[in-house]
file query_30.tsv (TSV, C-alpha atoms)
chain	number	residue	atom	x	y	z
Q	16	MET	CA	24.97	-3.15	8.88
Q	17	LYS	CA	25.60	-6.62	10.39
Q	18	SER	CA	22.54	-8.56	11.56
Q	19	SER	CA	23.55	-8.45	15.24
Q	20	VAL	CA	24.00	-4.69	15.14
Q	21	LEU	CA	20.70	-4.33	13.28
Q	22	SER	CA	18.91	-6.37	15.93
Q	23	LEU	CA	20.15	-4.06	18.67
Q	24	PHE	CA	19.24	-1.08	16.52
Q	25	LEU	CA	15.68	-2.38	16.05
Q	26	LEU	CA	15.22	-2.87	19.76
Q	27	SER	CA	16.67	0.47	20.79
Q	28	ILE	CA	14.91	2.94	18.48
Q	29	ILE	CA	11.83	4.62	19.94
Q	30	CYS	CA	10.12	7.77	18.77
Q	31	THR	CA	8.98	10.19	21.46
Q	32	THR	CA	7.31	13.40	20.36
Q	33	SER	CA	4.76	16.02	21.29
Q	34	CYS	CA	1.26	15.04	20.18
Q	35	GLY	CA	0.24	18.66	19.72
Q	36	HIS	CA	-1.56	18.99	23.05
Q	37	GLY	CA	1.37	19.64	25.33
Q	38	GLU	CA	1.86	16.04	26.35
Q	39	GLU	CA	4.37	13.36	25.44
Q	40	ASP	CA	3.50	10.27	23.38
Q	41	SER	CA	5.76	7.24	23.16
Q	42	PHE	CA	5.33	5.62	19.79
Q	43	PRO	CA	6.03	1.93	19.10
Q	44	THR	CA	9.54	0.74	18.58
Q	45	PHE	CA	10.59	-0.64	15.23
Q	46	SER	CA	9.70	-4.32	14.93
Q	47	ALA	CA	7.29	-4.01	17.83
Q	48	LEU	CA	5.46	-6.82	16.06
Q	49	PRO	CA	6.67	-10.41	16.10
Q	50	ILE	CA	8.11	-11.45	12.78
Q	51	PRO	CA	5.39	-12.34	10.25
Q	52	GLU	CA	6.19	-16.06	10.60
Q	53	THR	CA	4.79	-16.12	14.14
Q	54	LEU	CA	2.15	-13.42	14.23
Q	55	PRO	CA	-0.99	-14.47	16.15
Q	56	PHE	CA	-4.33	-13.81	14.43
Q	57	ASP	CA	-7.58	-13.56	16.34
Q	58	ASN	CA	-9.81	-13.57	13.25
Q	59	LEU	CA	-9.32	-17.17	12.05
Q	60	LEU	CA	-6.62	-16.32	9.51
Q	61	SER	CA	-3.87	-18.89	9.26
Q	62	PHE	CA	-0.83	-19.63	7.14
Q	63	ASP	CA	-2.02	-23.15	6.28
Q	64	TYR	CA	-5.64	-22.25	5.48
Q	65	TYR	CA	-5.41	-23.53	1.88
Q	66	ASN	CA	-2.79	-26.24	2.40
Q	67	GLN	CA	-5.27	-29.08	1.92
Q	68	ARG	CA	-7.99	-27.44	-0.18
Q	69	CYS	CA	-5.84	-25.49	-2.66
Q	70	PRO	CA	-2.16	-26.37	-2.22
Q	71	GLN	CA	-1.22	-24.94	-5.64
Q	72	LEU	CA	-2.63	-21.48	-4.87
Q	73	GLU	CA	0.64	-19.60	-4.34
Q	74	GLN	CA	2.26	-21.18	-7.37
Q	75	ILE	CA	-0.67	-20.12	-9.56
Q	76	ILE	CA	-0.51	-16.56	-8.25
Q	77	HIS	CA	3.25	-16.33	-8.66
Q	78	THR	CA	3.25	-17.73	-12.20
Q	79	LYS	CA	0.45	-15.49	-13.41
Q	80	LEU	CA	1.83	-12.38	-11.75
Q	81	LYS	CA	5.29	-12.96	-13.17
Q	82	GLN	CA	3.78	-13.06	-16.66
Q	83	TRP	CA	1.87	-9.81	-16.17
Q	84	VAL	CA	4.77	-7.86	-14.62
Q	85	ALA	CA	7.11	-9.07	-17.35
Q	86	LYS	CA	4.81	-7.35	-19.85
Q	87	ASP	CA	4.28	-4.21	-17.74
Q	88	HIS	CA	6.42	-3.63	-14.65
Q	89	THR	CA	4.21	-0.71	-13.55
Q	90	LEU	CA	1.49	-3.20	-12.62
Q	91	ALA	CA	3.47	-4.18	-9.51
Q	92	ALA	CA	3.05	-0.72	-8.00
Q	93	SER	CA	-0.56	-0.64	-9.20
Q	94	LEU	CA	-1.36	-3.80	-7.25
Q	95	LEU	CA	0.20	-2.36	-4.09
Q	96	ARG	CA	-2.00	0.70	-4.48
Q	97	LEU	CA	-5.10	-1.37	-5.22
Q	98	HIS	CA	-4.54	-3.44	-2.09
Q	99	PHE	CA	-4.01	-0.31	0.02
Q	100	HIS	CA	-7.23	1.27	-1.29
Q	101	ASP	CA	-9.15	-1.91	-0.57
Q	102	CYS	CA	-7.92	-2.27	3.00
Q	103	PHE	CA	-8.03	1.41	3.93
Q	104	ALA	CA	-11.63	2.04	2.86
Q	105	THR	CA	-13.68	-0.55	4.77
Q	106	GLY	CA	-11.12	-3.24	5.55
Q	107	CYS	CA	-9.46	-5.91	3.42
Q	108	ASP	CA	-12.54	-7.43	1.81
Q	109	ALA	CA	-12.14	-6.98	-1.99
Q	110	SER	CA	-14.93	-4.40	-2.00
Q	111	ILE	CA	-12.72	-2.33	-4.32
Q	112	LEU	CA	-13.03	-5.07	-6.97
Q	113	LEU	CA	-16.84	-5.01	-7.21
Q	114	ASN	CA	-17.79	-3.34	-10.47
Q	115	HIS	CA	-21.26	-1.85	-10.36
Q	116	GLU	CA	-22.87	1.56	-10.33
Q	117	GLY	CA	-22.13	3.30	-7.03
Q	118	SER	CA	-19.26	0.99	-6.04
Q	119	GLU	CA	-15.85	2.01	-4.66
Q	120	ARG	CA	-14.34	1.05	-8.00
Q	121	ARG	CA	-16.57	3.54	-9.85
Q	122	ALA	CA	-15.80	6.39	-7.41
Q	123	GLU	CA	-13.87	9.48	-8.50
Q	124	ALA	CA	-11.13	8.63	-5.97
Q	125	SER	CA	-10.61	5.25	-7.65
Q	126	LYS	CA	-10.52	6.31	-11.28
Q	127	THR	CA	-6.73	5.89	-11.61
Q	128	LEU	CA	-6.57	2.46	-9.96
Q	129	ARG	CA	-5.19	-0.36	-12.10
Q	130	GLY	CA	-4.55	-4.07	-11.83
Q	131	PHE	CA	-8.11	-5.35	-11.86
Q	132	GLN	CA	-7.47	-7.48	-14.94
Q	133	VAL	CA	-4.50	-9.13	-13.22
Q	134	ILE	CA	-6.67	-10.27	-10.30
Q	135	ASP	CA	-9.39	-11.43	-12.71
Q	136	ASP	CA	-6.87	-13.53	-14.65
Q	137	ILE	CA	-5.50	-15.13	-11.49
Q	138	LYS	CA	-9.02	-15.80	-10.20
Q	139	VAL	CA	-10.03	-17.62	-13.39
Q	140	GLU	CA	-7.00	-19.90	-13.09
Q	141	VAL	CA	-7.57	-20.51	-9.38
Q	142	GLU	CA	-11.23	-21.40	-9.99
Q	143	LYS	CA	-10.17	-24.06	-12.47
Q	144	SER	CA	-8.10	-25.81	-9.81
Q	145	CYS	CA	-9.98	-24.90	-6.62
Q	146	PRO	CA	-13.57	-23.81	-7.40
Q	147	VAL	CA	-15.31	-21.61	-4.80
Q	148	ILE	CA	-12.52	-22.02	-2.25
Q	149	VAL	CA	-10.16	-19.03	-2.51
Q	150	SER	CA	-11.44	-15.50	-1.92
Q	151	CYS	CA	-10.63	-12.56	-4.16
Q	152	THR	CA	-9.36	-10.78	-1.05
Q	153	ASP	CA	-6.75	-13.45	-0.37
Q	154	ILE	CA	-5.72	-13.42	-4.04
Q	155	LEU	CA	-5.22	-9.63	-4.01
Q	156	THR	CA	-3.28	-9.82	-0.74
Q	157	ALA	CA	-0.89	-12.54	-1.98
Q	158	ALA	CA	-0.53	-10.93	-5.42
Q	159	THR	CA	0.54	-7.70	-3.73
Q	160	ARG	CA	3.25	-9.56	-1.82
Q	161	ASP	CA	4.50	-11.27	-4.98
Q	162	ALA	CA	4.47	-7.97	-6.91
Q	163	THR	CA	6.70	-6.47	-4.24
Q	164	VAL	CA	9.11	-9.40	-4.46
Q	165	LEU	CA	9.32	-9.22	-8.25
Q	166	LEU	CA	10.69	-5.66	-8.01
Q	167	GLY	CA	13.28	-6.56	-5.39
Q	168	GLY	CA	11.19	-6.11	-2.25
Q	169	PRO	CA	10.86	-8.44	0.75
Q	170	TYR	CA	8.96	-11.71	0.96
Q	171	TRP	CA	6.55	-12.31	3.82
Q	172	ARG	CA	4.16	-15.14	4.56
Q	173	VAL	CA	0.52	-14.27	4.02
Q	174	PRO	CA	-2.07	-15.64	6.45
Q	175	TYR	CA	-5.23	-16.70	4.60
Q	176	GLY	CA	-8.93	-17.11	5.29
Q	177	ARG	CA	-10.41	-13.73	4.35
Q	178	LYS	CA	-13.88	-13.60	2.86
Q	179	ASP	CA	-15.15	-11.21	0.19
Q	180	SER	CA	-17.60	-8.44	0.95
Q	181	ARG	CA	-21.03	-8.30	-0.69
Q	182	ILE	CA	-21.16	-4.53	-0.31
Q	183	SER	CA	-19.25	-1.69	-1.98
Q	184	ASN	CA	-20.15	2.00	-1.77
Q	185	ALA	CA	-18.47	4.82	-3.68
Q	186	LYS	CA	-18.48	7.13	-0.65
Q	187	ASP	CA	-16.18	4.72	1.21
Q	188	ALA	CA	-13.44	5.34	-1.36
Q	189	GLU	CA	-13.17	8.88	0.00
Q	190	MET	CA	-11.69	7.47	3.23
Q	191	VAL	CA	-8.43	6.64	1.44
Q	192	PRO	CA	-5.70	9.35	1.74
Q	193	SER	CA	-5.47	11.48	-1.39
Q	194	GLY	CA	-1.92	12.81	-0.94
Q	195	ARG	CA	-3.00	16.28	0.21
Q	196	GLU	CA	-3.49	15.64	3.93
Q	197	SER	CA	-1.40	16.92	6.83
Q	198	ILE	CA	0.72	14.49	8.84
Q	199	THR	CA	-1.70	14.90	11.75
Q	200	THR	CA	-4.66	13.91	9.57
Q	201	LEU	CA	-2.76	10.96	8.13
Q	202	LEU	CA	-1.75	9.76	11.58
Q	203	GLU	CA	-5.35	9.96	12.77
Q	204	LEU	CA	-6.50	7.97	9.75
Q	205	PHE	CA	-3.86	5.29	10.29
Q	206	GLN	CA	-4.57	5.02	14.01
Q	207	SER	CA	-8.29	4.64	13.34
Q	208	ARG	CA	-7.42	1.48	11.40
Q	209	GLY	CA	-5.12	0.01	14.04
Q	210	LEU	CA	-1.91	1.23	12.43
Q	211	ASN	CA	0.69	3.52	13.99
Q	212	LEU	CA	3.24	6.22	13.20
Q	213	ILE	CA	5.87	3.74	12.05
Q	214	ASP	CA	3.37	2.05	9.76
Q	215	LEU	CA	2.58	5.45	8.24
Q	216	VAL	CA	6.22	6.17	7.41
Q	217	VAL	CA	7.10	2.64	6.32
Q	218	LEU	CA	4.03	2.05	4.13
Q	219	SER	CA	4.65	5.42	2.48
Q	220	GLY	CA	7.91	3.82	1.37
Q	221	ALA	CA	5.88	1.84	-1.17
Q	222	HIS	CA	6.31	5.02	-3.23
Q	223	THR	CA	9.78	3.74	-3.99
Q	224	ILE	CA	7.99	2.30	-7.03
Q	225	GLY	CA	5.07	3.63	-9.02
Q	226	ARG	CA	4.12	6.97	-10.48
Q	227	THR	CA	1.49	9.68	-10.33
Q	228	SER	CA	-0.10	11.94	-12.93
Q	229	CYS	CA	0.96	15.52	-13.46
Q	230	GLY	CA	-2.65	16.50	-12.84
Q	231	ALA	CA	-2.42	15.19	-9.28
Q	232	ILE	CA	0.53	17.46	-8.40
Q	233	GLN	CA	0.03	20.57	-10.56
Q	234	ARG	CA	-1.71	22.62	-7.88
Q	235	TRP	CA	1.06	21.88	-5.38
Q	236	LEU	CA	3.83	22.62	-7.90
Q	237	TYR	CA	2.50	26.02	-8.88
Q	238	GLN	CA	0.43	27.24	-5.93
Q	239	GLY	CA	1.55	25.38	-2.85
Q	240	LEU	CA	-0.79	23.42	-0.60
Q	241	ASN	CA	-2.90	26.42	0.38
Q	242	GLY	CA	-3.29	27.68	-3.17
Q	243	THR	CA	-1.72	31.08	-2.44
Q	244	SER	CA	2.03	30.44	-2.63
Q	245	SER	CA	4.07	30.46	-5.82
Q	246	MET	CA	6.29	27.66	-4.47
Q	247	PRO	CA	5.58	24.18	-3.08
Q	248	ASN	CA	5.39	23.93	0.68
Q	249	PRO	CA	7.27	21.97	1.95
Q	250	PRO	CA	9.91	23.16	-0.53
Q	251	LEU	CA	11.44	21.03	-3.28
Q	252	ASP	CA	14.97	20.93	-4.63
Q	253	ASP	CA	15.32	23.72	-7.22
Q	254	HIS	CA	16.49	21.47	-10.06
Q	255	TYR	CA	13.84	18.87	-9.32
Q	256	LEU	CA	11.13	21.52	-9.13
Q	257	ASP	CA	12.25	22.97	-12.47
Q	258	PHE	CA	12.10	19.52	-14.06
Q	259	LEU	CA	8.60	18.87	-12.70
Q	260	GLN	CA	7.23	22.27	-13.69
Q	261	ARG	CA	8.55	21.91	-17.23
Q	262	LYS	CA	7.19	18.37	-17.56
Q	263	CYS	CA	3.79	19.10	-16.06
Q	264	ARG	CA	3.12	22.67	-17.19
Q	265	CYS	CA	0.75	21.73	-20.01
Q	266	ALA	CA	0.43	17.95	-19.89
Q	267	SER	CA	-1.71	17.02	-16.89
Q	268	GLY	CA	-2.09	13.52	-18.31
Q	269	ASP	CA	1.64	12.77	-18.25
Q	270	TYR	CA	3.08	10.62	-15.48
Q	271	VAL	CA	6.02	11.22	-13.14
Q	272	ASP	CA	7.90	8.57	-11.14
Q	273	LEU	CA	7.33	8.77	-7.39
Q	274	ASP	CA	10.99	7.84	-6.86
Q	275	ALA	CA	13.12	10.01	-9.15
Q	276	THR	CA	16.27	7.95	-8.54
Q	277	THR	CA	15.42	4.21	-8.70
Q	278	PRO	CA	11.79	4.11	-9.89
Q	279	THR	CA	11.71	0.45	-10.91
Q	280	THR	CA	13.49	-1.03	-7.88
Q	281	PHE	CA	11.94	-1.64	-4.48
Q	282	ASP	CA	14.48	-0.09	-2.09
Q	283	SER	CA	14.88	2.62	0.56
Q	284	GLN	CA	16.01	5.30	-1.91
Q	285	PHE	CA	12.62	6.95	-1.50
Q	286	TYR	CA	13.68	8.19	1.96
Q	287	ALA	CA	17.04	9.48	0.75
Q	288	ASN	CA	15.13	11.47	-1.86
Q	289	LEU	CA	13.14	13.16	0.90
Q	290	GLN	CA	16.40	14.22	2.54
Q	291	LYS	CA	17.28	15.94	-0.75
Q	292	ASN	CA	13.84	17.62	-0.94
Q	293	MET	CA	12.83	15.38	-3.83
Q	294	GLY	CA	9.55	14.00	-2.52
Q	295	LEU	CA	7.03	14.11	-5.35
Q	296	LEU	CA	3.90	14.18	-3.18
Q	297	SER	CA	3.50	16.83	-0.52
Q	298	THR	CA	2.55	14.17	2.03
Q	299	ASP	CA	5.79	12.33	1.26
Q	300	GLN	CA	8.04	15.38	1.61
Q	301	MET	CA	6.32	16.31	4.89
Q	302	LEU	CA	7.50	13.02	6.36
Q	303	TYR	CA	10.98	14.54	6.42
Q	304	SER	CA	9.98	17.99	7.66
Q	305	ASP	CA	7.55	16.92	10.40
Q	306	PRO	CA	9.32	16.38	13.77
Q	307	ARG	CA	7.17	13.33	14.53
Q	308	THR	CA	8.16	11.42	11.42
Q	309	SER	CA	11.59	12.79	10.48
Q	310	PRO	CA	13.50	10.66	13.07
Q	311	ILE	CA	11.99	7.53	11.53
Q	312	VAL	CA	12.88	8.69	8.02
Q	313	ASN	CA	16.47	9.34	9.10
Q	314	SER	CA	16.67	5.88	10.67
Q	315	LEU	CA	15.47	4.26	7.45
Q	316	ILE	CA	18.01	6.25	5.42
Q	317	GLY	CA	20.81	5.07	7.69
Q	318	ALA	CA	19.75	1.41	7.69
Q	319	PRO	CA	18.16	0.26	4.40
Q	320	SER	CA	17.66	-3.26	5.76
Q	321	LEU	CA	15.53	-1.77	8.52
Q	322	PHE	CA	13.02	-0.60	5.91
Q	323	ILE	CA	12.87	-4.04	4.29
Q	324	HIS	CA	12.32	-5.74	7.65
Q	325	GLN	CA	9.66	-3.32	8.83
Q	326	PHE	CA	7.83	-3.15	5.49
Q	327	SER	CA	6.99	-6.85	5.78
Q	328	ALA	CA	5.58	-6.38	9.28
Q	329	SER	CA	3.58	-3.29	8.33
Q	330	MET	CA	2.11	-5.01	5.27
Q	331	VAL	CA	0.91	-7.90	7.43
Q	332	ARG	CA	-0.74	-5.36	9.72
Q	333	LEU	CA	-2.35	-3.59	6.76
Q	334	ALA	CA	-3.75	-6.85	5.37
Q	335	ASN	CA	-5.32	-7.64	8.74
Q	336	ILE	CA	-7.57	-4.55	8.87
Q	337	GLN	CA	-11.23	-5.46	9.49
Q	338	VAL	CA	-11.12	-8.74	7.60
Q	339	LEU	CA	-14.22	-10.88	7.14
Q	340	SER	CA	-13.37	-14.34	8.47
Q	341	GLY	CA	-15.10	-17.71	8.64
Q	342	LEU	CA	-17.57	-16.67	11.30
Q	343	ASP	CA	-18.83	-13.64	9.40
Q	344	GLU	CA	-22.15	-14.26	7.66
Q	345	VAL	CA	-21.71	-11.11	5.55
Q	346	GLY	CA	-18.74	-12.53	3.65
Q	347	GLU	CA	-18.56	-14.95	0.74
Q	348	ILE	CA	-16.14	-16.55	-1.71
Q	349	ARG	CA	-16.86	-14.82	-5.01
Q	350	THR	CA	-16.58	-16.90	-8.17
Q	351	ASN	CA	-16.04	-13.69	-10.17
Q	352	CYS	CA	-14.21	-10.89	-8.38
Q	353	ASN	CA	-16.25	-8.22	-10.18
Q	354	PHE	CA	-19.64	-9.29	-8.87
Q	355	VAL	CA	-21.30	-10.82	-5.81
Q	356	ASN	CA	-22.33	-14.42	-6.26
Q	357	SER	CA	-26.05	-13.69	-6.51
Q	358	TYR	CA	-25.23	-11.71	-9.68
Q	359	ASN	CA	-23.13	-14.52	-11.11
Q	360	THR	CA	-25.93	-17.04	-10.69

call {"tool": "encode", "arguments": {"input": "query_30.tsv", "output": "structure tokens"}}
result
Amino acid sequence: MKSSVLSLFLLSIICTTSCGHGEEDSFPTFSALPIPETLPFDNLLSFDYYNQRCPQLEQIIHTKLKQWVAKDHTLAASLLRLHFHDCFATGCDASILLNHEGSERRAEASKTLRGFQVIDDIKVEVEKSCPVIVSCTDILTAATRDATVLLGGPYWRVPYGRKDSRISNAKDAEMVPSGRESITTLLELFQSRGLNLIDLVVLSGAHTIGRTSCGAIQRWLYQGLNGTSSMPNPPLDDHYLDFLQRKCRCASGDYVDLDATTPTTFDSQFYANLQKNMGLLSTDQMLYSDPRTSPIVNSLIGAPSLFIHQFSASMVRLANIQVLSGLDEVGEIRTNCNFVNSYNT
């Protein structure tokens, strides 16, 4: 699709649907946000925050991340997931990185999270060049962007200035979607964090990379969502279902790619898979069957560049959830991402 046609397409698409109470809701148009280059921030974040105090920051992050992903490409998806868990629980504050008894990181909902060692490695290098200047939150946010780029995804500028939280509670990890919710529940969760229906569908597209364990999907594969059906609901493609049931029948510790077609490339194939009833998670497949989200999915299938454009905008919105900025006394710049500074001293 040519850029001029895409621009008109972005401006014209709007999703109007019943909200479940007999009234009409008009949801935001695609690219309702300004492009990430010009987004205003009311919490003291800025694109040039480290320009004078740590000008080499992005180069350090990029170099380190490239080394890690070259050794294990699955870490790119792991960092995306780690960033999402951090922001969705109590806001983007690196509380997920704190490693102590009763922290989010030690919670049952966080036991499969990975990528902590990548952030630790980057932090050590950053501290050598810019001691006690760059927050772990900003490092995780920028590393997530670079991980996306390394697998073929879009680049977006990251505004900086976030502080790190001194608090992390395991119960807060339960606020992150588990993959078993209804679309209504997911939409309510996203809206409570300042995100919208388009953000829900577009950020779900991060499942174009990554994988999940057989244990996480076994109940759905064999009993359906309500535990009483012998088939998944929503239904899966017969051949795909047969493959999954054979792979996961006995080995709950095995892993399955979230995108069965192009699992190591960041693209819009994830949405085309949903059209073929090949969504691995029930919450993913429901994006295509739910009348509120299916028009957006169809638009993203028809215009792959639309997904790339909107993913950048939605990621900026995600990284702006309840950040701790310069005026917040509760935030700090951790010298070790695993512990608050009082512990380090």

call {"tool": "residues_around", "arguments": {"input": "query_30.tsv", "residues": "Q:Ala287", "least_positions_apart": "6", "cutoff": "9 Å", "atoms": "only C-alpha atoms", "output": "PyMOL selection string"}}
result
chain Q and resi 293+312-313+315-316

call {"tool": "residues_around", "arguments": {"input": "query_30.tsv", "residues": "Q:Glu142", "least_positions_apart": "6", "cutoff": "12 Å", "atoms": "only C-alpha atoms", "output": "MDAnalysis selection string"}}
result
chainID Q and resid 68:69 71:72 75:76 135:136 148:151 154 348:352

call {"tool": "residues_around", "arguments": {"input": "query_30.tsv", "residues": "Q:Arg208", "least_positions_apart": "2", "cutoff": "10 Å", "atoms": "all atoms listed in the file", "output": "ChimeraX atom specification"}}
result
/Q:102-106,203-206,210-211,332-333,335-337

call {"tool": "write_last_selection", "arguments": {"input": "query_30.tsv", "atoms": "C-alpha atoms", "output": "compact mmCIF listing (two decimals), keeping the file's coordinate frame"}}
result
# COMPACT_ATOMS: atom_id res chain seq x y z
CA CYS Q 102 -7.92 -2.27 3.00
CA PHE Q 103 -8.03 1.41 3.93
CA ALA Q 104 -11.63 2.04 2.86
CA THR Q 105 -13.68 -0.55 4.77
CA GLY Q 106 -11.12 -3.24 5.55
CA GLU Q 203 -5.35 9.96 12.77
CA LEU Q 204 -6.50 7.97 9.75
CA PHE Q 205 -3.86 5.29 10.29
CA GLN Q 206 -4.57 5.02 14.01
CA LEU Q 210 -1.91 1.23 12.43
CA ASN Q 211 0.69 3.52 13.99
CA ARG Q 332 -0.74 -5.36 9.72
CA LEU Q 333 -2.35 -3.59 6.76
CA ASN Q 335 -5.32 -7.64 8.74
CA ILE Q 336 -7.57 -4.55 8.87
CA GLN Q 337 -11.23 -5.46 9.49

call {"tool": "residues_around", "arguments": {"input": "query_30.tsv", "residues": "Q:Phe258", "least_positions_apart": "3", "cutoff": "12 Å", "atoms": "all atoms listed in the file", "output": "PyMOL selection string"}}
result
chain Q and resi 229+236+251-255+261-264+271+275+293+295

call {"tool": "closest_residue", "arguments": {"input": "query_30.tsv", "among": "Q:Ser357, Q:Ser180, Q:Thr308, Q:Gln82", "to": "Q:Ser219", "atoms": "only C-alpha atoms"}}
result
Q:Thr308

call {"tool": "atom_distance", "arguments": {"input": "query_30.tsv", "atom1": "atom CA of Q:Leu59", "atom2": "atom CA of Q:Gly176"}}
result
6.8 Å

call {"tool": "closest_residue", "arguments": {"input": "query_30.tsv", "among": "Q:Cys107, Q:Ala162, Q:Ala188, Q:Val141", "to": "Q:Ala124", "atoms": "all atoms listed in the file"}}
result
Q:Ala188

call {"tool": "closest_residue", "arguments": {"input": "query_30.tsv", "among": "Q:Asp214, Q:Glu119, Q:Asp272, Q:Asp153", "to": "Q:Ser340", "atoms": "all atoms listed in the file"}}
result
Q:Asp153

call {"tool": "atom_distance", "arguments": {"input": "query_30.tsv", "atom1": "atom CA of Q:Leu90", "atom2": "atom CA of Q:Ser314"}}
result
29.2 Å

call {"tool": "closest_residue", "arguments": {"input": "query_30.tsv", "among": "Q:Gln233, Q:Gln74, Q:Ser118, Q:Thr298", "to": "Q:Leu259", "atoms": "all atoms listed in the file"}}
result
Q:Gln233

call {"tool": "residues_near_point", "arguments": {"input": "query_30.tsv", "point": "(2.0, -16.7, -6.3)", "cutoff": "12 Å", "atoms": "only C-alpha atoms", "output": "VMD selection string"}}
result
chain Q and resid 70 to 82 134 137 to 138 140 to 141 153 to 165 170 to 173

call {"tool": "build_atoms", "arguments": {"input": "query_30.tsv", "residues": "stretch 184-190 of chain Q", "atoms": "all heavy atoms", "output": "PDB file, in the coordinates of the input"}}
result
ATOM      1  N   ASN Q 184     -19.545   0.688  -1.592  1.00  0.00           N
ATOM      2  CA  ASN Q 184     -20.150   2.000  -1.770  1.00  0.00           C
ATOM      3  C   ASN Q 184     -19.100   3.032  -2.166  1.00  0.00           C
ATOM      4  O   ASN Q 184     -18.037   3.111  -1.552  1.00  0.00           O
ATOM      5  CB  ASN Q 184     -20.837   2.458  -0.473  1.00  0.00           C
ATOM      6  CG  ASN Q 184     -22.001   1.566  -0.107  1.00  0.00           C
ATOM      7  OD1 ASN Q 184     -22.882   1.315  -0.924  1.00  0.00           O
ATOM      8  ND2 ASN Q 184     -22.011   1.082   1.135  1.00  0.00           N
ATOM      9  N   ALA Q 185     -19.417   3.838  -3.157  1.00  0.00           N
ATOM     10  CA  ALA Q 185     -18.470   4.820  -3.680  1.00  0.00           C
ATOM     11  C   ALA Q 185     -17.985   5.786  -2.601  1.00  0.00           C
ATOM     12  O   ALA Q 185     -16.815   6.183  -2.590  1.00  0.00           O
ATOM     13  CB  ALA Q 185     -19.105   5.594  -4.830  1.00  0.00           C
ATOM     14  N   LYS Q 186     -18.860   6.155  -1.675  1.00  0.00           N
ATOM     15  CA  LYS Q 186     -18.480   7.130  -0.650  1.00  0.00           C
ATOM     16  C   LYS Q 186     -17.359   6.608   0.245  1.00  0.00           C
ATOM     17  O   LYS Q 186     -16.577   7.391   0.798  1.00  0.00           O
ATOM     18  CB  LYS Q 186     -19.691   7.499   0.211  1.00  0.00           C
ATOM     19  CG  LYS Q 186     -20.313   6.361   0.976  1.00  0.00           C
ATOM     20  CD  LYS Q 186     -21.487   6.831   1.812  1.00  0.00           C
ATOM     21  CE  LYS Q 186     -22.150   5.673   2.545  1.00  0.00           C
ATOM     22  NZ  LYS Q 186     -21.248   4.962   3.461  1.00  0.00           N
ATOM     23  N   ASP Q 187     -17.235   5.288   0.368  1.00  0.00           N
ATOM     24  CA  ASP Q 187     -16.180   4.720   1.210  1.00  0.00           C
ATOM     25  C   ASP Q 187     -14.792   4.931   0.612  1.00  0.00           C
ATOM     26  O   ASP Q 187     -13.798   4.940   1.332  1.00  0.00           O
ATOM     27  CB  ASP Q 187     -16.423   3.229   1.438  1.00  0.00           C
ATOM     28  CG  ASP Q 187     -17.659   2.963   2.290  1.00  0.00           C
ATOM     29  OD1 ASP Q 187     -17.972   3.813   3.144  1.00  0.00           O
ATOM     30  OD2 ASP Q 187     -18.305   1.922   2.092  1.00  0.00           O
ATOM     31  N   ALA Q 188     -14.723   5.101  -0.707  1.00  0.00           N
ATOM     32  CA  ALA Q 188     -13.440   5.340  -1.360  1.00  0.00           C
ATOM     33  C   ALA Q 188     -12.828   6.660  -0.934  1.00  0.00           C
ATOM     34  O   ALA Q 188     -11.615   6.866  -1.038  1.00  0.00           O
ATOM     35  CB  ALA Q 188     -13.603   5.297  -2.876  1.00  0.00           C
ATOM     36  N   GLU Q 189     -13.660   7.571  -0.446  1.00  0.00           N
ATOM     37  CA  GLU Q 189     -13.170   8.880   0.000  1.00  0.00           C
ATOM     38  C   GLU Q 189     -12.376   8.782   1.292  1.00  0.00           C
ATOM     39  O   GLU Q 189     -11.727   9.750   1.689  1.00  0.00           O
ATOM     40  CB  GLU Q 189     -14.351   9.831   0.176  1.00  0.00           C
ATOM     41  CG  GLU Q 189     -15.135  10.084  -1.112  1.00  0.00           C
ATOM     42  CD  GLU Q 189     -16.405  10.881  -0.887  1.00  0.00           C
ATOM     43  OE1 GLU Q 189     -16.630  11.299   0.270  1.00  0.00           O
ATOM     44  OE2 GLU Q 189     -17.161  11.084  -1.846  1.00  0.00           O
ATOM     45  N   MET Q 190     -12.439   7.646   1.976  1.00  0.00           N
ATOM     46  CA  MET Q 190     -11.690   7.470   3.230  1.00  0.00           C
ATOM     47  C   MET Q 190     -10.202   7.256   2.982  1.00  0.00           C
ATOM     48  O   MET Q 190      -9.396   7.382   3.907  1.00  0.00           O
ATOM     49  CB  MET Q 190     -12.242   6.258   3.993  1.00  0.00           C
ATOM     50  CG  MET Q 190     -13.695   6.366   4.381  1.00  0.00           C
ATOM     51  SD  MET Q 190     -14.239   4.883   5.272  1.00  0.00           S
ATOM     52  CE  MET Q 190     -15.996   5.201   5.427  1.00  0.00           C
TER      53      MET Q 190
END
